[in-house]
Amino acid sequence: MTSGDLARATQLLDTVILADGHNDLPWELRKQAGPNPVDAAAGLDLTTRQPGLHTDFPKLADGKLGLQFWSVYVPCQFEGDSAVTAVLEQVEVVHQLAERYPDRLRLVRTADEAEAAFAEGRIASLLGAEGGHCIAESLGVLRVLRRLGVRYLTLTHNLNTTWADSGTDEPAHGGLTDFGRDVVREMNRIGMLVDLSHVAASTMRDALQVTSAPVIFSHSSCRAVNDHPRNIPDDVLAQLPGNGGVAMVTFVPAFISAEVTGWDDRLKVAMTDAGQDFRDLGARTRFTETWDAPPKPKATVADVVAHVEHAREVAGIDHIGLGGDYDGVGTLPEGLEDVSKYPVLFAALMERGWSDEDCAKLAGRNTLRVLRDTDLTR
């Protein structure tokens, strides 16, 4: 790309909302400071550059981010009451961050509030609960999360729930159970976005049959470009125009790069042989630190571009967005190493002939539309 493309991309992102569907900073802060939300929010000064994080306010300013869905993630190792406790603690982390940095963040619940925050120069902050196990099979807990400002629920994480199949677990339900369909209907009723990242393709298809509102994929890429179970099949992408939803392309190297996927497949075999569970992210990190293997390949901006352009070709320009998964993975593609790098991706797309209008739709207009459409279902 040229310096002119980068300047053009930066200028565009000064005037349109750049929305990201998934950032795991709240859990990363918990890992560093413990489960007390006050301690987690206060553990690091995010107004200064933090080399150990993908996300801090100087990087966010450089990246021109205008709207962030902060993930209130709960690992699958938490079950029942402990999962509910953990998700409430994570919700409070985001509230604490907004109180600690009121000149940088504004908690919002609607598209209009998001646009107002952007106009004030603050990052519109929404919450997304990652992992349907955190509701402990209770529609009451689901409704409580919505009252606390959670605008999406990812139906599963890496393991099945009792009511939905995950893309990275052995099929147990063939998609959604009857209760899983009730969860989707209730989410529609209360204005909570149905997030189909992490779920099995069968769950995606079932949810699209049940939902009366647009769905999102908060951080997934395209299975036709890289055959990974966390990615979206073309037949599902093709349903998004009829549904009105948005597929937010992610930057996770293992999902976007065939070379990285192959390396991960070998890691999975090694962990299985050692009696460990590849789906346990903590165990995976610990195992990798001592695993005798060739260096992990690098993903690139070009890999992300390939997924964005494929999603545009199949789903259409009005149904794509971005969900980087910053602070949720150990490494990111070269050129997209932290949240300061979004303009690099847009410059690469502009170099390939993308118009300002198309880039604006990818950046945030599509996500705002879906948010506004589901505001109306409350």
# chains A, B, ... in the order shown; residues from 1 in each chain; ligands from 1
call {"tool": "closest_atom_pairs", "arguments": {"of": "region 67-162 of chain A", "to": "region 227-244 of chain A", "cutoff": "12 Å", "atoms": "only C-alpha atoms", "output": "tab-separated table"}}
result
residue	atom	partner	partner_atom	distance
A:Thr156	CA	A:Arg230	CA	11.4
A:His157	CA	A:Arg230	CA	10.2
A:Asn158	CA	A:Arg230	CA	9.3
call {"tool": "residues_around", "arguments": {"residues": "region 121-124 of chain A", "least_positions_apart": "5", "cutoff": "7 Å", "atoms": "only C-alpha atoms", "output": "ChimeraX atom specification"}}
result
/A:65-68,103-108,114
call {"tool": "write_last_selection", "arguments": {"atoms": "N, CA and C atoms", "output": "mmCIF file, in the first residue's frame"}}
result
data_model
loop_
_atom_site.group_PDB
_atom_site.id
_atom_site.type_symbol
_atom_site.label_atom_id
_atom_site.label_comp_id
_atom_site.auth_asym_id
_atom_site.auth_seq_id
_atom_site.Cartn_x
_atom_site.Cartn_y
_atom_site.Cartn_z
ATOM 1 N N LEU A 65 -10.717 3.728 16.563
ATOM 2 C CA LEU A 65 -11.882 2.939 16.937
ATOM 3 C C LEU A 65 -12.965 3.836 17.520
ATOM 4 N N GLY A 66 -14.214 3.632 17.076
ATOM 5 C CA GLY A 66 -15.331 4.438 17.549
ATOM 6 C C GLY A 66 -16.365 3.677 18.343
ATOM 7 N N LEU A 67 -16.446 2.365 18.136
ATOM 8 C CA LEU A 67 -17.442 1.541 18.831
ATOM 9 C C LEU A 67 -16.833 0.179 19.099
ATOM 10 N N GLN A 68 -16.921 -0.265 20.352
ATOM 11 C CA GLN A 68 -16.378 -1.567 20.703
ATOM 12 C C GLN A 68 -17.396 -2.393 21.477
ATOM 13 N N ASP A 103 -13.784 10.109 30.190
ATOM 14 C CA ASP A 103 -13.491 10.955 29.037
ATOM 15 C C ASP A 103 -13.096 10.130 27.810
ATOM 16 N N ARG A 104 -12.920 8.813 27.992
ATOM 17 C CA ARG A 104 -12.512 7.942 26.887
ATOM 18 C C ARG A 104 -13.628 6.989 26.456
ATOM 19 N N LEU A 105 -14.408 6.507 27.418
ATOM 20 C CA LEU A 105 -15.422 5.484 27.154
ATOM 21 C C LEU A 105 -16.799 5.988 27.562
ATOM 22 N N ARG A 106 -17.801 5.584 26.813
ATOM 23 C CA ARG A 106 -19.178 5.823 27.226
ATOM 24 C C ARG A 106 -19.955 4.535 27.025
ATOM 25 N N LEU A 107 -20.542 4.009 28.099
ATOM 26 C CA LEU A 107 -21.396 2.832 27.971
ATOM 27 C C LEU A 107 -22.672 3.225 27.246
ATOM 28 N N VAL A 108 -23.014 2.489 26.210
ATOM 29 C CA VAL A 108 -24.210 2.771 25.423
ATOM 30 C C VAL A 108 -24.993 1.477 25.239
ATOM 31 N N ALA A 114 -24.695 5.296 20.588
ATOM 32 C CA ALA A 114 -23.355 5.062 20.049
ATOM 33 C C ALA A 114 -22.912 6.233 19.176
#
call {"tool": "closest_residue", "arguments": {"among": "A:Pro51, A:Gly324, A:Pro295, A:Gly132", "to": "Lys341 (chain A)", "atoms": "only C-alpha atoms"}}
result
A:Gly324
call {"tool": "atom_distance", "arguments": {"atom1": "CA of Pro102 (chain A)", "atom2": "CA of Gly52 (chain A)"}}
result
23.2 Å
call {"tool": "closest_residue", "arguments": {"among": "A:Gly245, A:Pro343, A:Gly330, A:Gly21", "to": "Gly364 (chain A)", "atoms": "only C-alpha atoms"}}
result
A:Gly21
